[in-house]
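Text of the file entry-v9.csv, holding CSV, C-alpha atoms:
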```
chain,number,residue,atom,x,y,z
V,1,MET,CA,6.2,-8.5,-17.0
V,2,PRO,CA,5.7,-12.2,-17.8
V,3,VAL,CA,3.5,-14.2,-15.5
V,4,TRP,CA,6.4,-16.3,-14.5
V,5,ASP,CA,8.4,-13.5,-12.8
V,6,ASP,CA,7.0,-14.2,-9.4
V,7,LEU,CA,7.9,-17.9,-9.7
V,8,VAL,CA,11.1,-17.6,-7.7
V,9,GLY,CA,13.9,-20.2,-8.0
V,10,GLN,CA,11.7,-22.7,-10.0
V,11,GLU,CA,13.4,-22.7,-13.4
V,12,ARG,CA,12.7,-26.3,-14.2
V,13,VAL,CA,9.0,-26.0,-13.3
V,14,GLN,CA,8.8,-22.8,-15.3
V,15,THR,CA,10.2,-24.4,-18.4
V,16,GLN,CA,7.7,-27.3,-18.2
V,17,LEU,CA,4.7,-25.0,-17.6
V,18,ALA,CA,5.8,-22.7,-20.4
V,19,ALA,CA,6.1,-25.6,-22.9
V,20,ALA,CA,2.6,-26.9,-21.8
V,21,ALA,CA,1.1,-23.4,-22.2
V,22,ARG,CA,2.5,-23.2,-25.8
V,23,ASP,CA,1.0,-26.6,-26.7
V,24,ALA,CA,-2.3,-25.6,-25.0
V,25,ASP,CA,-2.4,-22.5,-27.1
V,26,ALA,CA,-1.8,-24.4,-30.3
V,27,LEU,CA,-4.5,-26.9,-29.3
V,28,VAL,CA,-7.1,-24.2,-28.8
V,29,THR,CA,-6.1,-22.4,-31.9
V,30,ALA,CA,-6.5,-25.6,-33.9
V,31,ILE,CA,-9.9,-26.2,-32.5
V,32,THR,CA,-11.0,-22.6,-33.2
V,33,ASP,CA,-9.7,-22.6,-36.8
V,34,GLY,CA,-10.9,-26.1,-37.5
V,35,THR,CA,-7.5,-27.4,-38.3
V,36,ALA,CA,-5.8,-30.6,-37.1
V,37,PRO,CA,-4.5,-30.4,-33.5
V,38,PRO,CA,-0.8,-31.0,-32.8
V,39,ALA,CA,0.2,-34.7,-32.9
V,40,ALA,CA,2.1,-34.6,-29.6
V,41,SER,CA,1.4,-32.2,-26.7
V,42,LYS,CA,2.9,-31.5,-23.3
V,43,MET,CA,-0.6,-30.3,-22.1
V,44,THR,CA,-2.8,-32.4,-20.0
V,45,HIS,CA,-6.1,-31.8,-18.1
V,46,ALA,CA,-4.9,-32.3,-14.5
V,47,TRP,CA,-1.8,-31.0,-12.7
V,48,LEU,CA,-0.6,-31.5,-9.2
V,49,PHE,CA,1.9,-28.9,-7.7
V,50,THR,CA,3.7,-30.1,-4.6
V,51,GLY,CA,6.4,-28.5,-2.5
V,52,PRO,CA,7.3,-27.3,1.0
V,53,PRO,CA,5.4,-24.3,2.5
V,54,GLY,CA,6.6,-21.0,0.9
V,55,SER,CA,7.8,-22.7,-2.3
V,56,GLY,CA,5.2,-21.0,-4.4
V,57,ARG,CA,2.8,-23.8,-5.3
V,58,ALA,CA,-0.2,-21.5,-5.7
V,59,THR,CA,1.9,-18.9,-7.5
V,60,ALA,CA,2.9,-21.5,-10.0
V,61,ALA,CA,-0.7,-22.6,-10.5
V,62,ARG,CA,-1.9,-19.0,-11.0
V,63,ALA,CA,0.9,-18.2,-13.4
V,64,PHE,CA,0.0,-21.3,-15.5
V,65,ALA,CA,-3.7,-20.4,-15.4
V,66,ALA,CA,-2.8,-16.9,-16.7
V,67,ALA,CA,-0.6,-18.4,-19.5
V,68,LEU,CA,-3.5,-20.7,-20.5
V,69,GLN,CA,-5.8,-17.6,-20.8
V,70,CYS,CA,-3.3,-15.4,-22.5
V,71,THR,CA,-4.7,-13.4,-25.4
V,72,SER,CA,-1.6,-11.4,-26.4
V,73,PRO,CA,-1.5,-10.8,-30.2
V,74,ASP,CA,2.2,-11.6,-30.0
V,75,ARG,CA,1.4,-15.3,-29.8
V,76,ALA,CA,0.6,-15.3,-33.5
V,77,LEU,CA,4.1,-14.0,-34.2
V,78,GLY,CA,5.8,-16.7,-32.1
V,79,GLY,CA,5.5,-15.0,-28.7
V,80,GLU,CA,5.2,-17.0,-25.5
V,81,PRO,CA,1.8,-17.3,-23.8
V,82,GLY,CA,1.8,-15.5,-20.4
V,83,CYS,CA,2.8,-12.0,-21.4
V,84,GLY,CA,1.4,-10.6,-18.1
V,85,PHE,CA,-0.1,-7.5,-19.8
V,86,CYS,CA,-3.2,-8.7,-21.7
V,87,ASP,CA,-6.6,-8.9,-20.1
V,88,GLY,CA,-6.5,-12.7,-19.9
V,89,CYS,CA,-3.3,-12.7,-18.0
V,90,HIS,CA,-4.1,-9.8,-15.7
V,91,THR,CA,-7.6,-11.0,-14.6
V,92,SER,CA,-6.3,-14.5,-14.1
V,93,ILE,CA,-3.5,-13.4,-11.8
V,94,ILE,CA,-5.7,-11.1,-9.7
V,95,GLY,CA,-8.6,-13.7,-9.5
V,96,THR,CA,-11.3,-11.9,-11.5
V,97,HIS,CA,-11.3,-14.0,-14.8
V,98,SER,CA,-14.7,-15.5,-15.4
V,99,ASP,CA,-13.2,-18.8,-16.5
V,100,VAL,CA,-10.5,-19.2,-13.7
V,101,GLN,CA,-11.9,-20.4,-10.4
V,102,ILE,CA,-9.4,-20.0,-7.5
V,103,VAL,CA,-10.4,-22.1,-4.5
V,104,ARG,CA,-8.7,-21.7,-1.1
V,105,THR,CA,-10.2,-22.3,2.3
V,106,ASP,CA,-9.9,-20.6,5.7
V,107,LEU,CA,-11.4,-23.7,7.3
V,108,LEU,CA,-9.9,-27.0,8.5
V,109,SER,CA,-11.2,-28.9,5.5
V,110,ILE,CA,-13.0,-28.8,2.1
V,111,GLY,CA,-16.2,-30.8,2.2
V,112,VAL,CA,-18.4,-32.7,-0.3
V,113,LYS,CA,-20.8,-29.9,-0.9
V,114,GLU,CA,-18.1,-27.4,-2.0
V,115,THR,CA,-16.4,-30.0,-4.2
V,116,ARG,CA,-19.7,-30.9,-5.9
V,117,ASP,CA,-20.1,-27.2,-6.8
V,118,LEU,CA,-16.6,-27.2,-8.3
V,119,VAL,CA,-17.3,-30.3,-10.3
V,120,ARG,CA,-20.5,-28.8,-11.7
V,121,ARG,CA,-18.6,-25.7,-12.8
V,122,ALA,CA,-15.8,-27.8,-14.4
V,123,GLN,CA,-18.4,-29.3,-16.8
V,124,LEU,CA,-19.1,-25.9,-18.3
V,125,SER,CA,-17.5,-24.7,-21.5
V,126,PRO,CA,-15.3,-21.6,-21.2
V,127,ALA,CA,-17.4,-18.4,-21.3
V,128,VAL,CA,-14.9,-15.9,-22.6
V,129,GLY,CA,-11.5,-17.5,-22.1
V,130,ARG,CA,-9.6,-20.3,-23.9
V,131,TRP,CA,-9.9,-22.8,-21.0
V,132,GLN,CA,-12.0,-23.5,-17.9
V,133,VAL,CA,-9.4,-23.5,-15.1
V,134,ILE,CA,-10.0,-24.7,-11.6
V,135,VAL,CA,-7.1,-23.8,-9.2
V,136,LEU,CA,-7.5,-25.8,-5.9
V,137,GLU,CA,-4.9,-24.2,-3.6
V,138,ASP,CA,-5.7,-26.5,-0.6
V,139,ALA,CA,-6.1,-29.9,-2.2
V,140,ASP,CA,-4.6,-31.5,0.9
V,141,ARG,CA,-7.6,-30.3,2.9
V,142,LEU,CA,-10.2,-32.3,0.9
V,143,THR,CA,-12.1,-34.8,3.1
V,144,GLU,CA,-12.1,-38.4,1.9
V,145,GLY,CA,-15.6,-37.9,0.6
V,146,ALA,CA,-14.7,-34.7,-1.2
V,147,GLY,CA,-11.7,-36.4,-2.8
V,148,ASN,CA,-13.9,-39.2,-4.1
V,149,VAL,CA,-16.2,-36.6,-5.7
V,150,LEU,CA,-13.3,-34.9,-7.3
V,151,LEU,CA,-11.9,-38.1,-8.6
V,152,LYS,CA,-14.8,-38.6,-11.0
V,153,ALA,CA,-14.2,-35.1,-12.5
V,154,VAL,CA,-10.5,-35.7,-12.9
V,155,GLU,CA,-11.1,-39.1,-14.5
V,156,GLU,CA,-13.6,-37.8,-17.1
V,157,PRO,CA,-12.8,-34.1,-17.7
V,158,ALA,CA,-14.6,-31.8,-20.0
V,159,PRO,CA,-12.7,-31.1,-23.2
V,160,ARG,CA,-11.3,-27.7,-22.3
V,161,THR,CA,-11.2,-27.9,-18.5
V,162,VAL,CA,-8.0,-27.9,-16.6
V,163,TRP,CA,-7.6,-28.9,-12.9
V,164,LEU,CA,-4.6,-27.3,-11.0
V,165,LEU,CA,-4.2,-28.9,-7.6
V,166,CYS,CA,-1.8,-27.7,-4.9
V,167,ALA,CA,-0.6,-29.7,-1.9
V,168,PRO,CA,2.5,-30.0,0.3
V,169,SER,CA,3.3,-33.5,-0.8
V,170,LEU,CA,2.0,-36.4,-2.8
V,171,GLU,CA,1.0,-38.2,0.4
V,172,ASP,CA,-1.5,-35.4,1.1
V,173,VAL,CA,-3.6,-36.3,-2.0
V,174,LEU,CA,-5.6,-39.5,-2.6
V,175,PRO,CA,-3.5,-42.0,-4.6
V,176,THR,CA,-6.4,-42.3,-7.1
V,177,ILE,CA,-6.3,-38.6,-7.8
V,178,ARG,CA,-2.5,-38.1,-7.9
V,179,SER,CA,-2.2,-41.0,-10.4
V,180,ARG,CA,-4.3,-39.1,-12.9
V,181,CYS,CA,-2.4,-35.8,-12.6
V,182,ARG,CA,0.9,-34.6,-14.0
V,183,HIS,CA,3.1,-34.0,-11.0
V,184,LEU,CA,5.4,-31.0,-10.6
V,185,THR,CA,7.7,-30.6,-7.5
V,186,LEU,CA,8.7,-27.2,-6.4
V,187,ARG,CA,11.7,-26.6,-4.1
V,188,THR,CA,12.3,-24.0,-1.4
V,189,PRO,CA,13.6,-20.9,-3.2
V,190,PRO,CA,17.2,-19.7,-2.5
V,191,VAL,CA,17.3,-17.0,0.2
V,192,GLU,CA,19.0,-14.6,-2.2
V,193,ALA,CA,16.3,-15.0,-4.8
V,194,VAL,CA,13.6,-14.3,-2.2
V,195,ALA,CA,15.4,-11.2,-1.0
V,196,ASP,CA,15.7,-10.0,-4.6
V,197,LEU,CA,12.0,-10.5,-5.2
V,198,LEU,CA,11.1,-8.4,-2.1
V,199,VAL,CA,13.3,-5.6,-3.3
V,200,ARG,CA,12.2,-5.7,-6.9
V,201,ARG,CA,8.5,-6.2,-6.5
V,202,ASP,CA,7.6,-4.8,-3.1
V,203,GLY,CA,10.2,-2.0,-2.9
V,204,ILE,CA,11.6,-3.2,0.4
V,205,GLU,CA,15.0,-2.0,1.5
V,206,PRO,CA,17.7,-4.5,0.5
V,207,ALA,CA,19.0,-4.9,4.1
V,208,VAL,CA,15.5,-5.5,5.5
V,209,ALA,CA,14.7,-7.9,2.7
V,210,ALA,CA,17.9,-9.9,3.3
V,211,VAL,CA,17.1,-10.3,7.0
V,212,ALA,CA,13.5,-11.4,6.3
V,213,ALA,CA,14.4,-13.9,3.6
V,214,ARG,CA,17.2,-15.4,5.8
V,215,ALA,CA,14.9,-15.6,8.9
V,216,THR,CA,12.2,-17.4,7.0
V,217,GLN,CA,14.6,-19.6,5.0
V,218,GLY,CA,13.1,-18.9,1.6
V,219,HIS,CA,9.4,-18.8,2.5
V,220,ILE,CA,8.2,-16.1,0.2
V,221,ASP,CA,4.9,-15.1,1.9
V,222,ARG,CA,6.3,-15.2,5.4
V,223,ALA,CA,9.4,-13.2,4.3
V,224,ARG,CA,7.1,-10.5,2.8
V,225,ARG,CA,5.0,-10.3,6.0
V,226,LEU,CA,8.0,-10.2,8.2
V,227,ALA,CA,9.5,-7.4,6.2
V,228,THR,CA,6.4,-5.2,6.1
V,229,ASP,CA,4.5,-6.0,9.4
V,230,GLU,CA,5.9,-4.7,12.6
V,231,THR,CA,3.5,-6.8,14.6
V,232,ALA,CA,4.8,-10.0,12.9
V,233,ARG,CA,8.3,-9.1,13.8
V,234,ALA,CA,7.4,-8.5,17.4
V,235,ARG,CA,5.6,-11.8,17.6
V,236,ARG,CA,8.5,-13.6,16.1
V,237,ALA,CA,10.9,-12.0,18.5
V,238,ALA,CA,8.8,-13.1,21.4
V,239,VAL,CA,8.8,-16.7,20.2
V,240,LEU,CA,12.5,-16.7,19.8
V,241,LYS,CA,12.9,-15.7,23.5
V,242,LEU,CA,11.0,-18.8,24.6
V,243,PRO,CA,14.1,-21.1,24.9
V,244,LEU,CA,15.6,-18.6,27.4
V,245,ARG,CA,12.5,-18.6,29.6
V,246,ILE,CA,12.0,-22.3,30.4
V,247,ASP,CA,14.5,-22.8,33.2
V,248,ASP,CA,11.8,-24.1,35.6
V,249,VAL,CA,8.3,-25.6,35.5
V,250,GLY,CA,6.6,-22.3,36.1
V,251,GLY,CA,8.5,-20.7,33.3
V,252,CYS,CA,7.5,-23.6,31.0
V,253,LEU,CA,3.8,-23.3,31.8
V,254,LYS,CA,3.8,-19.5,31.6
V,255,ALA,CA,5.6,-19.5,28.2
V,256,ALA,CA,3.1,-22.1,26.9
V,257,GLN,CA,0.1,-20.0,28.1
V,258,GLU,CA,1.5,-16.9,26.4
V,259,LEU,CA,2.1,-18.7,23.1
V,260,VAL,CA,-1.5,-20.1,23.0
V,261,ASP,CA,-3.0,-16.7,24.1
V,262,ALA,CA,-1.1,-14.9,21.3
V,263,ALA,CA,-2.5,-17.4,18.8
V,264,GLY,CA,-6.0,-16.9,20.2
V,265,GLU,CA,-5.6,-13.2,20.0
V,266,ASP,CA,-4.8,-13.5,16.3
V,267,ALA,CA,-7.9,-15.6,15.8
V,268,LYS,CA,-10.0,-13.1,17.6
V,269,GLN,CA,-8.7,-10.2,15.5
V,270,VAL,CA,-9.6,-12.1,12.3
V,271,ALA,CA,-13.0,-12.8,13.7
V,272,GLU,CA,-13.6,-9.2,14.6
V,273,GLU,CA,-12.7,-8.1,11.1
V,274,VAL,CA,-14.6,-10.7,9.2
V,275,ASP,CA,-17.4,-12.3,11.3
V,276,THR,CA,-19.4,-9.1,12.0
V,277,LYS,CA,-19.4,-8.1,8.3
V,278,GLU,CA,-20.4,-11.6,7.2
V,279,THR,CA,-23.2,-11.8,9.8
V,280,GLU,CA,-24.7,-8.5,8.8
V,281,GLU,CA,-24.5,-9.3,5.1
V,282,LEU,CA,-26.3,-12.6,5.7
V,283,ARG,CA,-28.9,-11.0,7.9
V,284,ALA,CA,-29.6,-8.4,5.3
V,285,ALA,CA,-29.8,-11.0,2.5
V,286,LEU,CA,-32.4,-13.0,4.7
V,287,GLY,CA,-34.5,-9.9,5.2
V,288,ALA,CA,-33.8,-9.1,8.8
V,289,GLY,CA,-34.0,-5.6,10.1
V,290,ALA,CA,-31.0,-3.4,10.9
V,291,GLY,CA,-29.2,-4.0,14.1
V,292,ALA,CA,-28.1,-7.2,15.9
V,293,GLY,CA,-31.2,-7.3,18.1
V,294,SER,CA,-33.7,-7.2,15.2
V,295,ARG,CA,-35.9,-10.2,14.7
V,296,MET,CA,-34.9,-12.8,12.1
V,297,PRO,CA,-37.5,-14.0,9.5
V,298,ARG,CA,-39.0,-17.4,10.3
V,299,GLY,CA,-37.1,-20.5,9.0
V,300,THR,CA,-33.7,-18.8,8.9
V,301,ALA,CA,-32.2,-20.1,12.1
V,302,GLY,CA,-30.5,-23.0,10.4
V,303,VAL,CA,-28.7,-20.7,7.9
V,304,MET,CA,-27.5,-18.5,10.7
V,305,LYS,CA,-26.3,-21.6,12.7
V,306,GLU,CA,-24.4,-22.8,9.6
V,307,LEU,CA,-22.6,-19.5,9.4
V,308,GLU,CA,-21.7,-19.5,13.1
V,309,ASP,CA,-20.3,-23.0,12.8
V,310,ARG,CA,-18.2,-21.9,9.8
V,311,GLN,CA,-16.9,-18.9,11.7
V,312,LYS,CA,-16.0,-21.1,14.6
V,313,ARG,CA,-14.0,-23.5,12.4
V,314,ARG,CA,-12.2,-20.6,10.8
V,315,ARG,CA,-11.1,-19.3,14.3
V,316,THR,CA,-9.8,-22.8,15.1
V,317,ARG,CA,-7.8,-22.9,11.9
V,318,THR,CA,-6.4,-19.3,12.4
V,319,GLN,CA,-5.3,-20.3,15.9
V,320,ARG,CA,-3.6,-23.5,14.6
V,321,ASP,CA,-1.9,-21.6,11.7
V,322,THR,CA,-0.5,-19.0,14.1
V,323,LEU,CA,0.8,-21.7,16.5
V,324,ASP,CA,2.3,-23.6,13.6
V,325,LEU,CA,4.1,-20.5,12.5
V,326,ALA,CA,5.5,-20.0,16.0
V,327,LEU,CA,6.6,-23.6,16.1
V,328,THR,CA,8.3,-23.2,12.7
V,329,ASP,CA,10.3,-20.2,14.1
V,330,LEU,CA,11.2,-22.2,17.2
V,331,THR,CA,12.4,-25.1,15.0
V,332,GLY,CA,14.6,-22.6,13.1
V,333,PHE,CA,16.1,-21.5,16.4
V,334,TYR,CA,17.2,-24.9,17.5
V,335,ARG,CA,18.4,-25.7,13.9
V,336,ASP,CA,20.7,-22.7,14.3
V,337,VAL,CA,21.8,-24.0,17.7
V,338,LEU,CA,22.5,-27.4,16.2
V,339,ALA,CA,24.6,-25.9,13.4
V,340,LEU,CA,26.7,-24.0,15.9
V,341,GLN,CA,27.2,-27.1,18.1
V,342,LEU,CA,28.3,-29.2,15.0
V,343,GLY,CA,30.5,-26.4,13.6
V,344,SER,CA,28.5,-26.5,10.4
V,345,SER,CA,29.2,-24.0,7.6
V,346,VAL,CA,25.4,-23.7,6.9
V,347,ALA,CA,24.2,-20.1,7.2
V,348,ILE,CA,22.6,-19.1,10.5
V,349,ALA,CA,19.0,-18.0,9.9
V,350,ASN,CA,18.7,-15.9,13.1
V,351,GLU,CA,22.0,-14.1,13.0
V,352,GLU,CA,20.4,-11.1,14.8
V,353,ILE,CA,20.1,-13.1,18.0
V,354,ARG,CA,23.5,-14.8,17.8
V,355,PRO,CA,24.4,-14.3,21.5
V,356,ASP,CA,21.2,-16.2,22.5
V,357,LEU,CA,22.1,-19.0,20.1
V,358,ASP,CA,25.6,-19.2,21.5
V,359,ARG,CA,24.3,-19.4,25.1
V,360,ILE,CA,22.0,-22.3,24.4
V,361,ALA,CA,24.6,-24.1,22.3
V,362,ARG,CA,27.2,-23.9,25.0
V,363,ALA,CA,24.7,-25.1,27.7
V,364,SER,CA,23.9,-28.4,26.0
V,365,GLY,CA,25.0,-30.9,23.3
V,366,PRO,CA,23.7,-31.9,19.9
V,367,GLU,CA,21.8,-34.8,21.3
V,368,ARG,CA,19.7,-32.6,23.5
V,369,THR,CA,19.1,-30.2,20.7
V,370,LEU,CA,17.8,-33.0,18.4
V,371,ARG,CA,15.5,-34.1,21.2
V,372,ARG,CA,14.1,-30.6,21.4
V,373,ILE,CA,13.5,-30.4,17.7
V,374,GLU,CA,11.7,-33.8,18.0
V,375,ALA,CA,9.5,-32.3,20.8
V,376,ILE,CA,8.5,-29.4,18.5
V,377,ILE,CA,7.6,-31.9,15.8
V,378,ALA,CA,5.6,-34.0,18.3
V,379,CYS,CA,3.7,-30.8,19.3
V,380,ARG,CA,2.8,-30.1,15.7
V,381,ASP,CA,1.6,-33.7,15.2
V,382,ALA,CA,-0.5,-33.4,18.4
V,383,LEU,CA,-2.2,-30.2,17.1
V,384,ASP,CA,-3.0,-32.0,13.8
V,385,ARG,CA,-4.7,-34.7,15.9
V,386,ASN,CA,-6.9,-32.0,17.6
V,387,VAL,CA,-5.2,-32.2,20.9
V,388,ALA,CA,-6.1,-29.2,23.0
V,389,PRO,CA,-3.5,-26.5,22.1
V,390,LEU,CA,-2.5,-25.6,25.6
V,391,LEU,CA,-1.9,-29.2,26.6
V,392,ALA,CA,0.2,-29.8,23.5
V,393,VAL,CA,2.3,-26.7,23.9
V,394,GLU,CA,2.8,-27.3,27.7
V,395,ALA,CA,4.1,-30.8,26.9
V,396,MET,CA,6.4,-29.3,24.4
V,397,THR,CA,7.8,-26.6,26.7
V,398,MET,CA,8.4,-29.2,29.4
V,399,SER,CA,10.3,-31.4,26.9
V,400,LEU,CA,12.3,-28.4,25.7
V,401,ARG,CA,13.4,-27.8,29.3
V,402,ALA,CA,14.3,-31.4,29.8
V,403,GLY,CA,16.2,-31.6,26.6
```
Please go through the file and, once you have read it, give me the structure as structure tokens.
Amino acid sequence: MPVWDDLVGQERVQTQLAAAARDADALVTAITDGTAPPAASKMTHAWLFTGPPGSGRATAARAFAAALQCTSPDRALGGEPGCGFCDGCHTSIIGTHSDVQIVRTDLLSIGVKETRDLVRRAQLSPAVGRWQVIVLEDADRLTEGAGNVLLKAVEEPAPRTVWLLCAPSLEDVLPTIRSRCRHLTLRTPPVEAVADLLVRRDGIEPAVAAVAARATQGHIDRARRLATDETARARRAAVLKLPLRIDDVGGCLKAAQELVDAAGEDAKQVAEEVDTKETEELRAALGAGAGAGSRMPRGTAGVMKELEDRQKRRRTRTQRDTLDLALTDLTGFYRDVLALQLGSSVAIANEEIRPDLDRIARASGPERTLRRIEAIIACRDALDRNVAPLLAVEAMTMSLRAG
């Protein structure tokens, strides 16, 4: 199937990328054949994909990377690049193409050192593909220093290198970088389109897919996880019970503690799965003996300390991401409450807990619901400013109680 099939509800963006891929294909063909390149082209060397979480920014960037590397013979007969079947498309999509570097981080930021490595790679000519493509899925996590390093590469790109940057919004990227990129804005996909994708691609039952898509309001990755992971459904159900458990101060503090503990447990599980393997692999690479108690070679303490620091930062981000997901679900709860209070015709996301929504809606007015939504937003802002998670969540639960 074409590489664009997973790009749900983004017809305008798909049209623009397909046109650019056609021009890019013609440009490389002209260079290879020694003929004159096209006079006008929709292709450029740097792209910036923005859109809300779940809109498919990284999916769009990967699909475009695959179309740029497409080697289907049908292109010579007028076929569109991005067939989805050729080796260039397939390896680009799954992340194994030698000329497509896909960069994502499980840390809080991307630093100068990592960015310099990317810039050095971007100066190379394609090894086997038609373009050298760098997909930076977390461009919003670049530090200021890393952004300045990247700026130079975007200003003076190698002839056949393409930068594909992804970020939630324009404001998350340095003005000097975004001004040198072609900007594409993705929208939140329609709930029906997400449900159809889950059924068509993942084989999920239509009823389950519809509930997951509606509950996540079009967030593709979260909808897939909710539809396939029983633990995720249980965690979400627990979060949606929180508004019913904050009738007194003790309830507020207990609910906050449980929310933070659940996020910490998620971080711990990730650490148990990944950290031990990473540590053992590094110890083996440094020449240490088998077993955690074996002696490390002289001069390797600094390398081990760097790995421990990275793992600690990853646990911090995992905990924050889990909390942020819970706060997003909580915002959806009060959004449904507000819709009921205002008599809105907008679809209810959490229809399966309609009695709970009705109870909260009857017990307060729209003004209090808006203040509660503002309290959740304030909690997310506090977490972004590195406020201790428990303090931030306790302040939020107390504000939710007060209304």
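Relative to CA of Glu278 in chain V, CA of Leu390 in chain V is found at 29.2 Å.
Residue neighbourhood of Ala212 in chain V, excluding near-sequence residues (fewer than 6 positions): V:Ala223, V:Leu226, V:Ala227, at 7 Å, using only C-alpha atoms.
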Exercise. Neighbours of Thr185 in chain V within 8 Å (all atoms listed in the file; same-chain residues fewer than 6 positions away dropped), as an NGL selection string?
Worked result: :V and (13 or 49-51)
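When all atoms listed in the file are used to compute distances to Leu186 in chain V, the closest of the residues V:Thr331, V:Ser55, V:Glu367, V:Leu17 turns out to be V:Ser55.
One finds CA of Ala146 in chain V at 5.4 Å from CA of Gly111 in chain V.
CA of Asp6 in chain V is positioned 8.6 Å from CA of Arg201 in chain V.
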For this session: Do a neighbour search on Ala195 in chain V at 7 Å with all atoms listed in the file, toss out local chain neighbours closer than 3 positions, and write the hits as a list in words.
Result: Val191, Glu192, Leu198, Val199, Ala209, Ala210 and Ala213 of chain V
For this session: For the point (1.4, -17.0, -21.0) in the file's frame, write as JSON, numbers by chain all residues with an atom no more than 9 Å away, counting only C-alpha atoms.
Result: {"V": [2, 3, 4, 18, 21, 22, 63, 64, 65, 66, 67, 68, 69, 70, 71, 72, 75, 79, 80, 81, 82, 83, 84, 89]}
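Distances here use only C-alpha atoms; by that measure, the residue among V:Ile177, V:Ile220, V:Ile93, V:Leu240 closest to Pro189 in chain V is V:Ile220.
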Problem set entry | Shell around Leu383 in chain V at 12 Å using only C-alpha atoms, local window under 2 positions removed, as a list in words | Leu108, Val260, Thr316, Arg317, Gln319, Arg320, Asp321, Thr322, Leu323, Asp324, Leu327, Ile376, Ile377, Ala378, Cys379, Arg380, Asp381, Arg385, Asn386, Val387, Ala388, Pro389, Leu390, Leu391, Ala392, Val393, Ala395 and Met396 of chain V
Exercise. Which of these, V:Ala402, V:Leu259, V:Val100, V:Ala349, has the shortest distance to Thr369 in chain V once you count all atoms listed in the file?
Worked result: V:Ala402
For this session: Write out as a PyMOL selection string the residues lying within 10 Å of Arg354 in chain V, counting all atoms listed in the file and excluding same-chain residues fewer than 6 positions away.
Result: chain V and resi 336-337+340+348
For this session: Just give me the residues with any atom within 6 Å of (22.6, -23.6, 20.8), file coordinates, counting all atoms listed in the file, written as a PyMOL selection string.
Result: chain V and resi 337-338+357-358+360-361
Exercise. Given the choices V:Cys181, V:Leu124, V:Val208, V:Leu370, which gets closest to Glu230 in chain V if the distance is worked out from only C-alpha atoms?
Worked result: V:Val208
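Counting all atoms listed in the file and comparing V:Leu164, V:Leu282, V:Ala326, V:Ala301, the residue that lies closest to Arg235 in chain V is V:Ala326.
With distances taken over all atoms listed in the file, V:Gln10 is the one residue among V:Thr397, V:Thr300, V:Gln10, V:Thr318 lying closest to Thr188 in chain V.
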